[in-house]
Amino acid sequence: MSYPTFSEISTGLTWMDHQEALNLLYQHEVLNHKLIWACARNHDLEAYALPDRQGCLLWDPRHQHMRVSVLGEHAQFPASFLQEAALLEGPECAMQKIVEAHPNENSSSRTSLIYTLENQDLQMDREFRRLRPDDVEVVNWLIQFNAETRGRTLTRAEVLKMLYASYREFYILEHRQKCAAVAAVNRWTLHYQSVSFVYVPPESRGKGFGRRLMASLSAFILQERKKNALLFADPDNAVANVLYQSLGYQVAGKHVSVLAGGQGQDAERRGPSAEHQLL
């Protein structure tokens, strides 16, 4: 089945190859972290430059998913953006302009804080280690994680595929030789590596395991990977935000997802901010 290209439904855009798109996105590496990763890994995406090369647009023709970056203050957007795309996402500076220029009362949005961490004196806990094949309880944890934060139930096969993806590594904090919390490092760019899937099961919450895990994982990224740490957080999750800030994380910007016309809300209702469950 063929899908129309974005050039067929919008004007004022210039097609780019992936390397050109990556070069533009790298100008604002932190805010464009998710876009850089999508562009680098998914060559089914189509890439376009906004007029006067003031930004980059990544278009998924199959799912009508659009990711937008803005590099200048006066970037212009085709009027058909909200009409044609079911889901839009990008840095707040880009998304705010689109929504303000083309208001749609049927659209809904979700905002995530983008945190970064640099040059902090953190230590790796002696009970911090990489996930092992015998850590079987983690499979159920990730099923619970997706049910709690993403509103969907994964099969064991789907979770195992997630656990052993080549671009993602899961780490564990132990307590009395049992797993107490889990988290992953995955997307990386030139200077940053991101943290996601932070989960403490209900029976282990409120005991400081989330903090110990996050401190260890952050130290691992800074000291072993020689990169800065990055994560996305729900602005309404007060517990998680206090924790990140206490470890030295600072807000570098915001990431916004817009569901045009209410489409795809079941699949995307958690947004990028619900990758952490620390309560």
# chains A, B, ... in the order shown; residues from 1 in each chain; ligands from 1
call {"tool": "residues_around", "arguments": {"residues": "Ala86 (chain A)", "least_positions_apart": "4", "cutoff": "7 Å", "atoms": "only C-alpha atoms", "output": "PyMOL selection string"}}
result
chain A and resi 64-65+259-260+263
call {"tool": "residues_around", "arguments": {"residues": "region 49-55 of chain A", "least_positions_apart": "5", "cutoff": "9 Å", "atoms": "only C-alpha atoms", "output": "PyMOL selection string"}}
result
chain A and resi 12-16+20-21+24-25+68-77+94
call {"tool": "select_by_dssp", "arguments": {"residues": "region 21-167 of chain A", "states": "helix (DSSP H, G or I)", "output": "PyMOL selection string"}}
result
chain A and resi 21-28+33-41+51-53+81-84+92-101+137-149+156-163
call {"tool": "residues_around", "arguments": {"residues": "Leu58 (chain A)", "least_positions_apart": "6", "cutoff": "8 Å", "atoms": "only C-alpha atoms", "output": "list of chain:residue names"}}
result
A:Leu35, A:Cys39, A:Leu45, A:Glu46, A:Ala47, A:Tyr48, A:Met66, A:Arg67, A:Val68
call {"tool": "closest_residue", "arguments": {"among": "A:Asn241, A:Thr149, A:Ser216, A:Thr189", "to": "Arg130 (chain A)", "atoms": "only C-alpha atoms"}}
result
A:Ser216
call {"tool": "select_by_dssp", "arguments": {"residues": "region 15-161 of chain A", "states": "strand (DSSP E or B)", "output": "number ranges by chain"}}
result
A: 15-16, 46-49, 55-60, 65-70, 87-91, 108-117, 128-130
call {"tool": "atom_distance", "arguments": {"atom1": "CA of Tyr115 (chain A)", "atom2": "CA of Pro201 (chain A)"}}
result
23.3 Å
call {"tool": "closest_residue", "arguments": {"among": "A:Leu213, A:Leu87, A:Val239, A:Ala219", "to": "Glu174 (chain A)", "atoms": "only C-alpha atoms"}}
result
A:Leu213
call {"tool": "residues_around", "arguments": {"residues": "Pro91 (chain A)", "least_positions_apart": "3", "cutoff": "6 Å", "atoms": "only C-alpha atoms", "output": "PyMOL selection string"}}
result
chain A and resi 31+94+254-255
call {"tool": "closest_residue", "arguments": {"among": "A:Arg187, A:Lys207, A:Arg110, A:Arg225", "to": "Lys34 (chain A)", "atoms": "only C-alpha atoms"}}
result
A:Arg187
call {"tool": "closest_residue", "arguments": {"among": "A:His175, A:Arg41, A:Arg168, A:Arg126", "to": "Val195 (chain A)", "atoms": "only C-alpha atoms"}}
result
A:Arg168
call {"tool": "atom_distance", "arguments": {"atom1": "CA of Leu217 (chain A)", "atom2": "CA of Tyr171 (chain A)"}}
result
7.7 Å
